[in-house]
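Here the structure is laid out as structure tokens; the discussion comes afterwards.
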Number of protein chains: 4
Amino acid sequence: MTEKEEIGYDAPTEIKDIEVVSTYRLEEEARKIVPKGGFDYMSGGSGDEFTLKQNTEVWSKKGLLPRVLADVEFPDPSTSILGHDLRAPFIMAPIAAHGLAHESKEAGTARGIADFGTIMSISAYSGAKFEEIDKGLDGGPRWFQIYMSKDDELNKNILDEAKEDGATAIILTADSTVSGNRERDMLNKFVYPFGMPIVSRYLTGSGKNMSLNNIYSQSKQKITPADVRFLKEYSDLPVFVKGIQSPEDAVLAIGAGADGVWVSNHGGRQLDGAPASFVMLESISKAVAGRVPIVFDSGIRRGEHIFKALASGADIVALGRPILYGLALGGWKGVRSVLNYFDEDFKRVMQLTGSQTIEDVKKSTLIDLK
Amino acid sequence: MTEKEEIGYDAPTEIKDIEVVSTYRLEEEARKIVPKGGFDYMSGGSGDEFTLKQNTEVWSKKGLLPRVLADVEFPDPSTSILGHDLRAPFIMAPIAAHGLAHESKEAGTARGIADFGTIMSISAYSGAKFEEIDKGLDGGPRWFQIYMSKDDELNKNILDEAKEDGATAIILTADSTVSGNRERDMLNKFVYPFGMPIVSRYLTGSGKNMSLNNIYSQSKQKITPADVRFLKEYSDLPVFVKGIQSPEDAVLAIGAGADGVWVSNHGGRQLDGAPASFVMLESISKAVAGRVPIVFDSGIRRGEHIFKALASGADIVALGRPILYGLALGGWKGVRSVLNYFDEDFKRVMQLTGSQTIEDVKKSTLIDLK
Amino acid sequence: MTEKEEIGYDAPTEIKDIEVVSTYRLEEEARKIVPKGGFDYMSGGSGDEFTLKQNTEVWSKKGLLPRVLADVEFPDPSTSILGHDLRAPFIMAPIAAHGLAHESKEAGTARGIADFGTIMSISAYSGAKFEEIDKGLDGGPRWFQIYMSKDDELNKNILDEAKEDGATAIILTADSTVSGNRERDMLNKFVYPFGMPIVSRYLTGSGKNMSLNNIYSQSKQKITPADVRFLKEYSDLPVFVKGIQSPEDAVLAIGAGADGVWVSNHGGRQLDGAPASFVMLESISKAVAGRVPIVFDSGIRRGEHIFKALASGADIVALGRPILYGLALGGWKGVRSVLNYFDEDFKRVMQLTGSQTIEDVKKSTLIDLK
Amino acid sequence: MTEKEEIGYDAPTEIKDIEVVSTYRLEEEARKIVPKGGFDYMSGGSGDEFTLKQNTEVWSKKGLLPRVLADVEFPDPSTSILGHDLRAPFIMAPIAAHGLAHESKEAGTARGIADFGTIMSISAYSGAKFEEIDKGLDGGPRWFQIYMSKDDELNKNILDEAKEDGATAIILTADSTVSGNRERDMLNKFVYPFGMPIVSRYLTGSGKNMSLNNIYSQSKQKITPADVRFLKEYSDLPVFVKGIQSPEDAVLAIGAGADGVWVSNHGGRQLDGAPASFVMLESISKAVAGRVPIVFDSGIRRGEHIFKALASGADIVALGRPILYGLALGGWKGVRSVLNYFDEDFKRVMQLTGSQTIEDVKKSTLIDLK
């Protein structure tokens, strides 16, 4: 019996460079080759999918201003965060179960990320083991995202492993103390077709054939500032609190010792009815007031979205679904193609807005559109 | 001749637990099995159905704020109103003619409501008699909604019966002194296929084969503060005025002795062109200023809507159409399934907004979205 | 050769009471029986038809407020204007060429108007002669709308005839000094299939087989305050200036001696890109400040629209296209059916908003909706 | 082998007067006869085509005010700019590669422009040579639009030729230092089917079989105020800076010596996510404060758009795509038909807004619509 037969899930396998006309087109192409349960899980949101749609639609409420006579040529998108130099202001967002998109799982993504040259976020709900992902990363930088166990001893084991694996930061996902109302998954009766080796130690099973609902309920549901302090002290690594959508929580996270604020609404997958993540960014940035770096995700599909996020207070952005679609369509090479697309598109926006450097981008003014 | 043949209306009969992915889907499923005239009557509104649509669409203008690090687990949705302890902040709204949805009529609804454990509102235009409903309720709490007769002696008879039946509050529907412009009913030439035993004493017939227009015109059309006082004094029960859509009328109702304000636009079935009921809630709540409890209905389809209503001043909400769709699809068990859905969905929203108690919900801030 | 064959236009002929569920439905029914060129002429607007659509869509930006405990029963919609007592606050708007809708032409409309009991506005571009219309009106009240000739002697002739016919007011259409950009008419190569006996004296032909463009260009194109004074002095009748869409022009008209301001954008048939007529009403009403009565048209399709117009400063409204659709579908009886519909629908709105009289309506507050 | 076979592009060839009902309809008609690659290149925009759509949709946010009793007849649309008297306030916008629309290339456009009687803008990316265009222009006025070479000696050659050809102004396109993200061109793998004789001196080829991306990257990408000064001093002609979308850049251009500000977002073809060009016009006009004339383009499709642009600060507008559609459908006669359409439509708007002169238009007030 092949592994595919065994797991009953027929993930794509091709490895090739892909042409990226737009990431929206990638989504439509990926839909054709990824099994429906997996595709809906990856692409879907919660409830009415209002927040999911807002995440991408809301960009049009802030206009970019073309600038001319600006003395700009070959704009420089490089920046740095927590000591990492980046060639472009974007990294990989933590996402569970890349194996739904491609048989190479997180190892494929990691190789594409490393080949382009940015930071890989490894999800605690990865379907691949650390050592598998390492092969793809080949020494490249990585951060570790944790869904905590109810048992802190197990959390210590996980942190030990992540640190030994070379993680240089911990991302605490704090917005998922219960699963969002994922209607598509209910309709598909979706369960993961493979296990989650990093967290299986605290699950009643391996993760395989379990629903997200079930897995979340076995994870820690009561997350408090003490957890931030625990992660920081035990790991001795910088800690991001991910899922911040209000100035109040940004202040709370920093007060608890967070080294970075990760603005995200979990890609519209948790609390439906929430504003687009971008809507909250500016007020959060004002509350953070430069004390810690801000990572932004949820809704980045074009270079102009990266520009708008940076101009509204983000230091870097994290890319999620478009990377998975690249992975589905071309394995690690597809991932690299998507990163190259964002790089080129963002540089074009820099040029046309008269921005030579990331500092110029961050000082730009957006236009309120009705 | 069977009863179905006799009444010429083929209501659903099945009794079963149902899976509720969303109440919008229930509506589509119910449409398939409920006779068209009955379904349109239940689901439709007046005029352009502008207000009907606004009732559900307007929720998206106020955003929920995800909160993290909030120290919440197993949120507690219990509350109380007028001395009734409730496990969740919702009750059954008064609705006429449940027999259109299911052959068990109001008795079926009542059993589902009682089994879940909340308050049943019995409509004066019920197709079932008090004693039939009692069998379903099995001692559970009930409020009685009255459409008044033009003749107060008959009103006294009705109040006597309701009180003897165990009603603990009277709901005066004040927004229906003439029928809304129900175009679907005109197109279907809809008449009730069965009588209305509670009010038939003041109709020229039993209610059977009569239109809503006809029935409303035989009911009391001139409703004034004196009617509130009459109901309260004669019944010696607390009285809600239902149909409040302005701060002015809330003040008027309280001045007339009302013990509760019921904010409603009759589910978009009366004055089309009115704002969504939710649009008026906050200003009404300010005018009420805590003097009496506020019940809210018209447009609740998800747990997040309950949250938004409570965060805007409601003490509890009343559920209408979704319950009838549950009744149609699964009889009393279907009703219970819908109530369980709202309970679980609301608790998820509480968790993701960092709300441990109903008091936390009521203190929450919503975000204005454009 | 029958008249139909002779004029090459097959107008509807049926005379019957019609059921009016909504006037939007009437439009769809009329579309089926009125020849395309005529129907497009009647129903269409200019340019993008932006203004045409705005006229009916903009109503939803102002919400009606349901009122309860209001002590209202059998609301009284009667009012008066310039000495005419009206059973309801609406009259017939001046419209050219009713013969496109029904073979009975303006005589059919007039009979329906008279039978219901309100004022007929006779258009200078009527396809029927005064004496034909008189038969329908049977002594009922009438106002005369004038498109002026470039030659004031001919204008005097026309005024003489109108006055002799019994007109009690003159309506000067001032917004049509050149034809709007009627794209539908261009596409249909529409020309009037019959003549215009009242103004044929100043045309190069009878009006038959002429385009609106052609006719307008032969009418007076330079209209000034002096024309208002001329009409008033020569006719010794009150004069309305029709087509007012700004406070400035309302003041200008009153300064020129106008006895009434007629707020209209010609049903979206003249300057496309103009706001909905209703949008300008409130500011015009403030500028008029009660000095003269205000008639409102352009976009009235329901009783609630009448209510909103009166609550925003209009004294009465004029009904246009819905009446023509009634004429097409049922001749004079169809006209009467439409008027009865508006009467009933408006009274329902009065009841549900707690308005006993027109004075109550005019004092009502509308709710700004986003 | 015919030229068509040789270039592998089958451009329309017909020469005839065309009926213009609306320019939107022209676009649909042109779509049927222009090869897809060429049509998409001409009609398309960049990215999501958000800005492209905004350019035409945003007009409806500002309402025109119908004015009556205004004493206007035969309105006069004539004006002047930089010493040129114009019969109407519009000229031809610079556009590359007219040969995509019609085999007569820029010579056809030029003849239509000259026959109507306004200014031709000759693009540096013209597919026709100066001497070919001259035949069409037949002595008519012309401005020259430059995409600069990286080598100023070549720029001098180009300016010499343009000046010798009779150009009376230079238009510096400053918003295209890199190509917009033209997704349609990517999908079509579009390359120009013929060369660009004016700029081929600085390309690696003739322009034929090259993509826009490639051509732009071989043009000067770093444009600064010094370039404005260079063009002005070397040519001794007035210089417009084209692509201004902010008050800041208008001031910068004037400071660099620009003799005119050309407000444009390049027809939505460069930076997607920018506001509609019209959105920025008013604030730019305030910054310019009458110091230099303002030309406006991007989105003009009707006479009412010309009116709105002039009422918001533009002195004249430039017409682009609609002219190309006219060229495709009827060669030089089609171009003339389109110009006549704009002339007539604009005069109608002048009449209906009570505007006798362009000065009246410029003093008009527009109404903010929600």
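Just so we're on the same page: first chain in the structure tokens is A, next is B, and so on; residues restart at 1 for each chain, and ligands are numbered from 1 in the order they show up.
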
Discussion item. Residues of chain D within 8 Å of chain A, counting only C-alpha atoms - could you list those as a count of residues only?
Written reply: 32

Selection: 10 Å around Lys208 in chain C, only C-alpha atoms, excl. self and same-chain fewer than 2 positions, as a PDB file with C-alpha atoms, in the first residue's frame:
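Output saved as selection.pdb:
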```pdb
ATOM      1  CA  ILE C   7     -49.666  55.302 -37.269  1.00  0.00           C
ATOM      2  CA  GLY C 127     -51.184  63.548 -28.130  1.00  0.00           C
ATOM      3  CA  VAL C 191     -39.994  59.118 -33.238  1.00  0.00           C
ATOM      4  CA  TYR C 192     -43.458  59.927 -31.993  1.00  0.00           C
ATOM      5  CA  PRO C 193     -46.034  57.871 -33.900  1.00  0.00           C
ATOM      6  CA  PHE C 194     -48.654  60.628 -33.630  1.00  0.00           C
ATOM      7  CA  GLY C 195     -48.817  64.378 -33.548  1.00  0.00           C
ATOM      8  CA  MET C 196     -48.996  66.883 -30.688  1.00  0.00           C
ATOM      9  CA  PRO C 197     -52.009  69.065 -31.449  1.00  0.00           C
ATOM     10  CA  SER C 200     -48.001  71.669 -33.522  1.00  0.00           C
ATOM     11  CA  GLY C 205     -44.693  69.374 -38.602  1.00  0.00           C
ATOM     12  CA  SER C 206     -47.438  67.920 -36.448  1.00  0.00           C
ATOM     13  CA  MET C 210     -40.414  63.688 -35.150  1.00  0.00           C
ATOM     14  CA  SER C 211     -37.819  62.943 -32.495  1.00  0.00           C
TER      15      SER C 211
END
```

Item to complete: Apply DSSP to the backbone of this structure and, from range 216-312 of chain A, keep only the residues in strand (DSSP E or B); write these as a list of chain:residue names.
Response: A:Ser219, A:Val239, A:Phe240, A:Val241, A:Lys242, A:Gly243, A:Ile244, A:Gly260, A:Val261, A:Trp262, A:Val263, A:Ile294, A:Val295, A:Phe296

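Proximity to Val361 in chain B at 7 Å, evaluated using only C-alpha atoms and with sequence-adjacent residues fewer than 5 positions away removed, yields Phe307, Leu310, Ala311 and Ser355 of chain B.
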
I'd like the contact shell of Asp76 in chain B - 8 Å cut-off, only C-alpha atoms, skipping same-chain residues fewer than 4 positions apart - returned as an mmCIF file with all heavy atoms, in the first residue's frame.
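Here's the written file part_17.cif:
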```cif
data_model
loop_
_atom_site.group_PDB
_atom_site.id
_atom_site.type_symbol
_atom_site.label_atom_id
_atom_site.label_comp_id
_atom_site.auth_asym_id
_atom_site.auth_seq_id
_atom_site.Cartn_x
_atom_site.Cartn_y
_atom_site.Cartn_z
ATOM 1 N N LYS B 347 -21.126 30.745 22.791
ATOM 2 C CA LYS B 347 -20.015 30.504 23.715
ATOM 3 C C LYS B 347 -18.667 30.630 22.997
ATOM 4 O O LYS B 347 -17.700 31.150 23.565
ATOM 5 C CB LYS B 347 -20.164 29.132 24.379
ATOM 6 C CG LYS B 347 -21.227 29.139 25.475
ATOM 7 C CD LYS B 347 -21.237 27.874 26.296
ATOM 8 C CE LYS B 347 -21.780 26.714 25.521
ATOM 9 N NZ LYS B 347 -22.087 25.538 26.380
ATOM 10 N N GLN B 356 -15.809 36.187 29.815
ATOM 11 C CA GLN B 356 -16.120 35.051 30.688
ATOM 12 C C GLN B 356 -17.604 35.019 31.038
ATOM 13 O O GLN B 356 -18.175 33.951 31.195
ATOM 14 C CB GLN B 356 -15.270 35.145 31.967
ATOM 15 C CG GLN B 356 -15.385 33.943 32.899
ATOM 16 C CD GLN B 356 -14.818 32.675 32.279
ATOM 17 O OE1 GLN B 356 -13.712 32.655 31.721
ATOM 18 N NE2 GLN B 356 -15.577 31.568 32.320
ATOM 19 N N THR B 357 -18.205 36.191 31.162
ATOM 20 C CA THR B 357 -19.596 36.263 31.616
ATOM 21 C C THR B 357 -20.407 37.207 30.717
ATOM 22 O O THR B 357 -19.849 37.956 29.906
ATOM 23 C CB THR B 357 -19.681 36.838 33.049
ATOM 24 O OG1 THR B 357 -19.232 38.211 32.986
ATOM 25 C CG2 THR B 357 -18.798 36.063 34.009
ATOM 26 N N ILE B 358 -21.721 37.153 30.922
ATOM 27 C CA ILE B 358 -22.606 38.057 30.177
ATOM 28 C C ILE B 358 -22.287 39.513 30.517
ATOM 29 O O ILE B 358 -22.368 40.397 29.654
ATOM 30 C CB ILE B 358 -24.091 37.720 30.496
ATOM 31 C CG1 ILE B 358 -24.452 36.338 29.923
ATOM 32 C CG2 ILE B 358 -25.028 38.785 29.960
ATOM 33 C CD1 ILE B 358 -24.414 36.248 28.414
#
```

Would you list the contacts of His102 in chain C as a PDB file with C-alpha atoms, in the first residue's frame, taking every protein, DNA or RNA residue within 12 Å and counting only C-alpha atoms, but skipping same-chain residues closer than 4 positions in sequence?
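Below is the file that was written, result.pdb:
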```pdb
ATOM      1  CA  LYS C   4     -53.089  51.537 -35.861  1.00  0.00           C
ATOM      2  CA  TYR C   9     -47.792  51.780 -33.546  1.00  0.00           C
ATOM      3  CA  ASP C  10     -49.766  49.096 -31.773  1.00  0.00           C
ATOM      4  CA  ALA C  11     -50.737  50.617 -28.417  1.00  0.00           C
ATOM      5  CA  PRO C  12     -52.544  48.520 -25.796  1.00  0.00           C
ATOM      6  CA  THR C  13     -56.316  48.867 -25.672  1.00  0.00           C
ATOM      7  CA  GLU C  14     -57.607  46.912 -22.707  1.00  0.00           C
ATOM      8  CA  ILE C  15     -59.735  48.594 -20.026  1.00  0.00           C
ATOM      9  CA  ALA C  30     -46.236  46.920 -19.123  1.00  0.00           C
ATOM     10  CA  ILE C  33     -47.434  44.730 -23.917  1.00  0.00           C
ATOM     11  CA  VAL C  34     -46.200  48.177 -24.900  1.00  0.00           C
ATOM     12  CA  PRO C  35     -44.215  48.362 -28.168  1.00  0.00           C
ATOM     13  CA  GLY C  38     -42.696  53.441 -26.720  1.00  0.00           C
ATOM     14  CA  PHE C  39     -41.845  51.507 -23.607  1.00  0.00           C
ATOM     15  CA  ALA C  97     -47.636  61.296 -25.360  1.00  0.00           C
ATOM     16  CA  HIS C  98     -49.781  58.985 -23.208  1.00  0.00           C
ATOM     17  CA  GLU C 106     -54.508  61.398 -22.275  1.00  0.00           C
ATOM     18  CA  ALA C 107     -58.281  61.012 -22.243  1.00  0.00           C
ATOM     19  CA  GLY C 108     -57.877  57.621 -20.580  1.00  0.00           C
ATOM     20  CA  THR C 109     -55.525  58.945 -17.961  1.00  0.00           C
ATOM     21  CA  GLY C 127     -51.184  63.548 -28.130  1.00  0.00           C
ATOM     22  CA  ALA C 128     -54.834  64.277 -27.409  1.00  0.00           C
ATOM     23  CA  ILE C 323     -49.706  55.917 -13.792  1.00  0.00           C
ATOM     24  CA  LEU C 324     -48.687  55.315 -17.391  1.00  0.00           C
ATOM     25  CA  TYR C 325     -48.066  51.667 -16.613  1.00  0.00           C
ATOM     26  CA  GLY C 326     -51.526  51.456 -15.111  1.00  0.00           C
ATOM     27  CA  LEU C 327     -52.914  53.128 -18.236  1.00  0.00           C
ATOM     28  CA  ALA C 328     -51.122  50.611 -20.430  1.00  0.00           C
ATOM     29  CA  LEU C 329     -52.397  47.656 -18.448  1.00  0.00           C
ATOM     30  CA  GLY C 330     -55.984  48.705 -17.859  1.00  0.00           C
ATOM     31  CA  GLY C 331     -56.804  52.027 -19.477  1.00  0.00           C
ATOM     32  CA  TRP C 332     -58.605  54.462 -17.225  1.00  0.00           C
ATOM     33  CA  LYS C 333     -59.507  51.701 -14.801  1.00  0.00           C
ATOM     34  CA  GLY C 334     -55.845  50.768 -14.552  1.00  0.00           C
ATOM     35  CA  VAL C 335     -55.017  54.387 -13.745  1.00  0.00           C
TER      36      VAL C 335
END
```

Item to complete: Identify, on the basis of only C-alpha atoms, every residue whose closest approach to Phe278 in chain B does not exceed 9 Å; exclude the query and any residue fewer than 3 positions from it along the same chain; express the result as a PyMOL selection string.
Response: chain B and resi 55+58-59+263-264+275+281-282+296-299+308-309+312

Worksheet item: Which neighbours of Met120 in chain B fall inside 12 Å, counting only C-alpha atoms, when residues of the same chain fewer than 2 positions from it are skipped, and could you give them as a PyMOL selection string?
Response: chain B and resi 84+86+90-95+106-118+122-123+133-134+136-145+166-171+318-320+323+335

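CA of Lys232 in chain A is found 21.3 Å from CA of Ser80 in chain A.
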